[in-house]
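Enquirer: I have a structure I would like to understand better, so I am pasting it below and will then ask my questions one at a time.
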Amino acid sequence: VTFHRQTIVEHRTAQTAEDIITHQSNMWRAVCMLVIFFFGLVTSTLLVDDLIVTSNVTGASLTTTLLTSEEVTCSTTVRLQSSNTSTITSVSYRVEINEVISDEGTLPTSYDELMASGVSIESSLVKVDKTGTTNFVVFVWTDDDDDDETSTSTELFVITGFTTMVPLIFVILIAILLKNVYVALFIGIWIGAFILSGASFRYAYELCLGVYILESCANIDHQFVILFTLFLSGLVFLIQRSGGTMGFSTAVSHIAKTAKSTQLACFTSGFCIFFDDYANALVVGATFKPLTDMYSISREKLAFLVDATSAPVASIIPLSSWIGFELQQIQEQLDAIKDGNGGVMPDGLTDNAFVFFVNTIPTRFYPLYMLFFQFLLIALALEFGPMLIAERKCRVEQRTDGGNGASIKRGGNDQDDDGIPEEQHVGPAADTPKKWWNMAIPLLTLIVLILSVMINSGVESVRDDDEVSMTARNVFAASDSWSALLYGTFGASIFTMFLFFVQFKRNGEIVPPSVAACTQYCCGKKTISPADSVQATRDDAEDDDTKTGDLNVKSSDEAKDETSSPSTLPLPGTILDGIEYDLEKDLQTLRRRYPSYRPLLSRKMQRVGNASSDANASIKCMQFNMLADGLSSAYFEGTVEKTFLNVDKACLQWSYRGIRIVEEILRFDPDIIGIEECDQLPFLMKYLAPKGYESCFAEKKNSPIKYVATDIEKERKMDEDSLKLPNDGVALIYKKSKFEICTNDRAQIVNPKENEKKVLGLAVPLRLKSIDQEILFIVTHLKSTKSQSGEELRREQIQLLLTDLIKNERSLPVVLLCDLNANPVANKKGYDPLCYNAITDAQGLNYKSVSVIATGAEPEFTTWKLRQHGTDKHVLDYIFLHGGQWNVTQLLSIPAPQDAKLDALIPNWHYPSDHFAIMAELTWSSDDSDNHAKPLIGFTESVEVWIRGITFMSPAISMLILVWAIGAIMTDIGADRYFTGIIGNDVEPESLPTLVFIAAALLSAATGTSWGTMTILFPLVSPATWAVCKSLDNGVFLYTATLSQILSGSIFGDHASPLSDTTLLSSVATQCDLFKHVYTQMPYAVFVALFSVVCGTVMIGQGTNVGITLFVGVVVQTLCAFIIAAPVMPKSGRYDLFTECYLCCAARCRRQRKSGAGKKDTGSSELLVLKKKTIAFGRDDEHEMDTDLLIGCFRRIGCQALCRQCGIDIDKGYYSSLATSPQVAMKHVFDHSGTATPNTNNPTDQIR
């Protein structure tokens, strides 16, 4: 197939001249023509330009394919090269298609016109009905010589219109079947090339790689997009590596004090991290997962918040990784319109892609409505569909693990199942402080640089054009947005590297650089910590001999064969007969006596940071709340407030648990141990003393154990004061081979009865023998009340203890081992972490947590138990450092949630306490050089991280190249003309926005890529839309609104597709099951899409003002959500409209079936059970319930009476036990106006 044929056929007057010209080179041809002309052998010579075949549908010149029945025109230009006569008055032409005359005519002209500009010949409309290679020839002659003709020709390959859709159909089908967009796109390109090459495998392969993919890479506009995307990705990685994104999200999360404010903070963070949808999903999801878990927010809801703010925000903000790609797509279409209009833009249509982009924002209804919809649901605490059920289950059961939607990863490597290789996860180094300004300053710099370049280029362009006034709009319209994006991202990257290099860090804090630090770094000594992480160490570590078995703990009713039974419970402190105080032998005894004996949960010491361990200068510090035997609730026959639910009492009794506590301590060989709730220290020391341990103890004089003794006496009808139980307290146990008590100081015991805040403390100054370093070790256990007043008391307790009660006159370095009973973040009941903040405040006590120093954050939990009031999952245990030259070299891992078995929690047969022991290896740095400040990110590391960010985008760039190639081949094959023909013939202009939105949504949902959808649809839709709109009064506005629906619909399809990259990333970042994420998000996406059509594209197509359209959409969406949705936790227990209709239908089906016949409807049964739990939950005054605004409206219109027929108490605001659905209630309200006498004759079965 000949793609471009340039033919110049000269007018012939003599056969001899023709023979000479045919066999000579181009130079000789020119010489011969001059000689022939000089001797007068030629009367005239015509020069004919290339033949151009133009589509009547799009106005584009055709060079490769033609569609059957497509109307085209053939045009060329004829010029007179030489003549010995000036009597020419006309030029005639004849058009032949495959040697069949299709058109002919004569055009008047003159000698002067032919010699000057020439005559343009354009045929009338012609068409071809037969497929295959078609030859177009135009013959031209003048009236002074009718016998001689000049011709020009071209060849096109004719195909059917449906054939143009074949590559796109294959892309969709293969993407769905293989779930691999890359393969689908490449096959689509090859099929398109196969069609263009005339079914030649060889030429299809050459066209696919050598033309389309290669030219997609080489195109200058594409290079702008590629470089901008790569540079921005590198910048994002630098910001993430600096801890800026974590710091910024943490700063935003400080407003999260309730479930509603936590969701609002998550939503706000999605707006703040606007520059990239990938970064948005990964950072916001990972940051807010612990917060949403704390407030019993389901993982499905978190995944929706993350997914629904990532792409919508990035797609409409003019400073994101999307802007370059979107501008490139828009600019190509604007240039095509300009070329088709004689190089001039039509009136009212800008040729600046950035201005056009901004003009499309108001009509991108789906992302705008979706963002408003999220805010609406958060503000009104409403949900509907599967999301409501997921949220309600999580709240009713007070789940703090994300609920049933949380993805459970098998094995120890959390990265195995996320679909992203470990090397693509970037995060701050262990000792990097997380500061919000390290994200804010680079982004502000990026914005300033981009705007500066745009304004500068715009001002220069306006200044050079005298016809354009110097206004802000004209400046931005004339600006070079491509250069601004390119220069801005690269310049911001360089500035960010410098910013991070001049900031110095030490011990997790930003500090002023010292001369020693600068000298050390510049001299080349490596002080930059590698990107070691706890996770990486976990991946490399091998499993030890202690394997995790089946952790499902038997209930008391099931454990009939165990040692204990409710009727023969032992007394607290009872030990097992036959023990020898030899750990190995006594563990063997436990295995024989307790059939339910299980190995302890698998835990490992994991290396962190960059400092090396030194056995002489290292100490292993353990902090352990062992759960006092008197407080274990193991000795009551009934259930008390502190009873651990679903836990066999046998594993809580000291005869079993005491030995397991010793095992937990000794298996990690700590050098020093801080123990809280220690009421059996003599028992412990019988095992520990032979190992070389010594102990100090501070008794808690006001221990609640004395009340436990009284309760046991009453329950067992024992004599009063006959049961003497030891008080618990805090203990410090240390190895005598490592430490000795300092001779200059003595141990300090803080008695809670001797201070106003009733704080308990123990401070022991010890000398580390190996390095002759004195250290003050402090152990404390603060008030446990989980409330605002309790938190304020804990803050006062710790401040009083560390500043006044414990004396450290010689300013020894301090190691604080404690159970603060305080979280490091806002509690789910809404109060701030006052105690934790008081300890870690740099301007206050200024203690550093070893976990924060080593990993940048506290662990996810240190206690996880189930009691009467619900699940308690908190971080309460800490090891703090103050002063000294410590490096944290190892940390003891906390068992992963799947290892702790969510249905069992702790304590259980696998773990003897309700708190996990935490431990850290601390290494004293004798050389000050290791403790010098160092750059936040060194120059070498900055470059490596930046390159790593560029590498991260390689899959996206590969997809970009493929979608560019498929877009080009779809245009060459004629898909745009086929699509235009359909729209032009069968579609009304007002329907264009709606149809394009639906087409973009379907294509995006099928392929899972928004960018691929845009690349395919822009060249198809734009020419067709402009052809329809250019003659309309509001054509420019309708054209802009229609193209904006490509950008809008692709986002909807992206949300509805399980193949979408942002959908996958949102699931990964939030650790939500992918199917449940798609299943719960789909109704919301469809709901918003429906309003985007009804209150968006349809109204715009009818010519409604954009502002009015958006206002109507917001109002109608709010009203519909108010009516359809339901509060997450209403006292009525009602579901949303759709779920209640389902329950109503299910109830009717059950009544129609015979008793016992048919399949049981487990779905509706589960929903009814959940409704009853919600109602019961609502009667608990301790729980804050959502206000049911719909029921409130019923009350306001006078529906106050109790409807016994419907079982609804409108006045109280909740259903009675006979309630079925809100539809029944509404029917009764409107039938009886709230005043009808209840019908007491209805049988109970019918009511149910």
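Ligands are numbered from 1 in the order shown, residues from 1 within each chain, and chains are lettered A, B, ... in the order they appear in the structure tokens.
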Show which residues sit within 12 Å of A:Gln263, as a VMD selection string. Count only C-alpha atoms, and ignore same-chain residues fewer than 3 positions away.

Expert: chain A and resid 252 to 253 255 to 260 266 to 270 284 to 285 288 to 289 291 to 299 301 to 306 374 to 381

Enquirer: With a distance cut-off of 12 Å and only C-alpha atoms, select the neighbouring residues of A:Phe490, excluding the residue or stretch itself and same-chain residues fewer than 2 positions from it, and output the selection as a PDB file with C-alpha atoms, in the first residue's frame.

Expert:
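Result went into result_26.pdb, see below:
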```
ATOM      1  CA  PHE A 224       6.714  17.196  27.123  1.00  0.00           C
ATOM      2  CA  LEU A 227       9.272  14.438  30.983  1.00  0.00           C
ATOM      3  CA  PHE A 228       6.784  16.394  33.079  1.00  0.00           C
ATOM      4  CA  THR A 229       5.253  13.173  34.429  1.00  0.00           C
ATOM      5  CA  LEU A 230       8.672  11.695  35.217  1.00  0.00           C
ATOM      6  CA  PHE A 231       9.953  14.850  36.915  1.00  0.00           C
ATOM      7  CA  LEU A 232       6.811  15.187  39.017  1.00  0.00           C
ATOM      8  CA  SER A 233       7.040  11.540  40.061  1.00  0.00           C
ATOM      9  CA  GLY A 234      10.630  12.111  41.158  1.00  0.00           C
ATOM     10  CA  LEU A 235       9.526  15.159  43.145  1.00  0.00           C
ATOM     11  CA  VAL A 236       6.749  13.160  44.813  1.00  0.00           C
ATOM     12  CA  PRO A 442       8.240  21.958  47.691  1.00  0.00           C
ATOM     13  CA  THR A 445       7.780  26.159  45.093  1.00  0.00           C
ATOM     14  CA  LEU A 446       6.305  24.056  42.279  1.00  0.00           C
ATOM     15  CA  LEU A 449       7.703  28.234  39.408  1.00  0.00           C
ATOM     16  CA  ILE A 450       4.911  27.057  37.107  1.00  0.00           C
ATOM     17  CA  SER A 483       7.279  24.852  29.186  1.00  0.00           C
ATOM     18  CA  ALA A 484       5.896  25.991  32.536  1.00  0.00           C
ATOM     19  CA  LEU A 485       5.075  22.438  33.585  1.00  0.00           C
ATOM     20  CA  LEU A 486       8.392  21.096  32.362  1.00  0.00           C
ATOM     21  CA  TYR A 487      10.601  23.806  33.844  1.00  0.00           C
ATOM     22  CA  GLY A 488       8.532  24.038  37.012  1.00  0.00           C
ATOM     23  CA  ALA A 492      11.135  22.293  41.995  1.00  0.00           C
ATOM     24  CA  SER A 493      12.992  18.962  42.091  1.00  0.00           C
ATOM     25  CA  ILE A 494      16.380  20.710  42.210  1.00  0.00           C
ATOM     26  CA  PHE A 495      15.179  23.133  44.868  1.00  0.00           C
ATOM     27  CA  THR A 496      13.712  20.275  46.944  1.00  0.00           C
ATOM     28  CA  MET A 497      17.005  18.377  46.864  1.00  0.00           C
ATOM     29  CA  TRP A 946      14.508  10.997  42.409  1.00  0.00           C
ATOM     30  CA  ILE A 950      11.178   8.239  37.641  1.00  0.00           C
TER      31      ILE A 950
END
```

Enquirer: Could you tell me how far atom CA of A:Cys678 sits from atom CA of A:Phe624, in Å to one decimal place?

Expert: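 Computed distance, atom CA of A:Phe624 to atom CA of A:Cys678, equals 9.6 Å.
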
Enquirer: Residues at most 9 Å from A:Val943, counting only C-alpha atoms, excluding those fewer than 5 positions away in the same chain, as a VMD selection string?

Expert: chain A and resid 238 497 938 948

Enquirer: Fewer than 3 positions away in the same chain doesn't count, so skip those; otherwise give me all residues within 12 Å of A:Leu782, counting only C-alpha atoms, as a VMD selection string.

Expert: chain A and resid 625 676 to 677 700 729 to 730 752 757 to 761 779 785 to 786 790 to 801 817 to 822 835 to 836 876 to 877

Enquirer: Identify which of the residues A:Glu96, A:Tyr693, A:Leu725, A:Ser1010 lies closest to A:Tyr707, counting only C-alpha atoms when measuring atom-to-atom distances.

Expert: A:Leu725

Enquirer: Which of these, A:Ala709, A:Ile853, A:Met626, A:Cys1072, has the shortest distance to A:Arg506 once you count only C-alpha atoms?

Expert: A:Ile853

Enquirer: What parts of stretch 205-405 of chain A does DSSP call alpha helix (DSSP H)? I'd like the answer as a ChimeraX atom specification.

Expert: /A:205-206,214-218,220-241,244-253,259-272,277-294,299-316,323-340,353-360,365-380,386-396

Enquirer: Compile the contact shell of A:Phe500 as a list in words: residues with an atom at most 6 Å away, counting only C-alpha atoms, same-chain residues fewer than 3 positions apart removed.

Expert: Met497, Gln503, Leu936 and Ile937 of chain A

Enquirer: Report as a PyMOL selection string all protein, DNA and RNA residues lying within 8 Å of stretch 909-915 of chain A, evaluated on only C-alpha atoms, omitting residues in the same chain fewer than 3 positions from it.

Expert: chain A and resi 551+553+596-601+624-627+651-652+657-658+660-661+862-865+877+906

Enquirer: Report, in Å with one decimal, the straight-line distance from atom CA of A:Phe157 to atom CA of A:Gly974.

Expert: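 Value for the atom CA of A:Phe157-atom CA of A:Gly974 distance: 10.6 Å.
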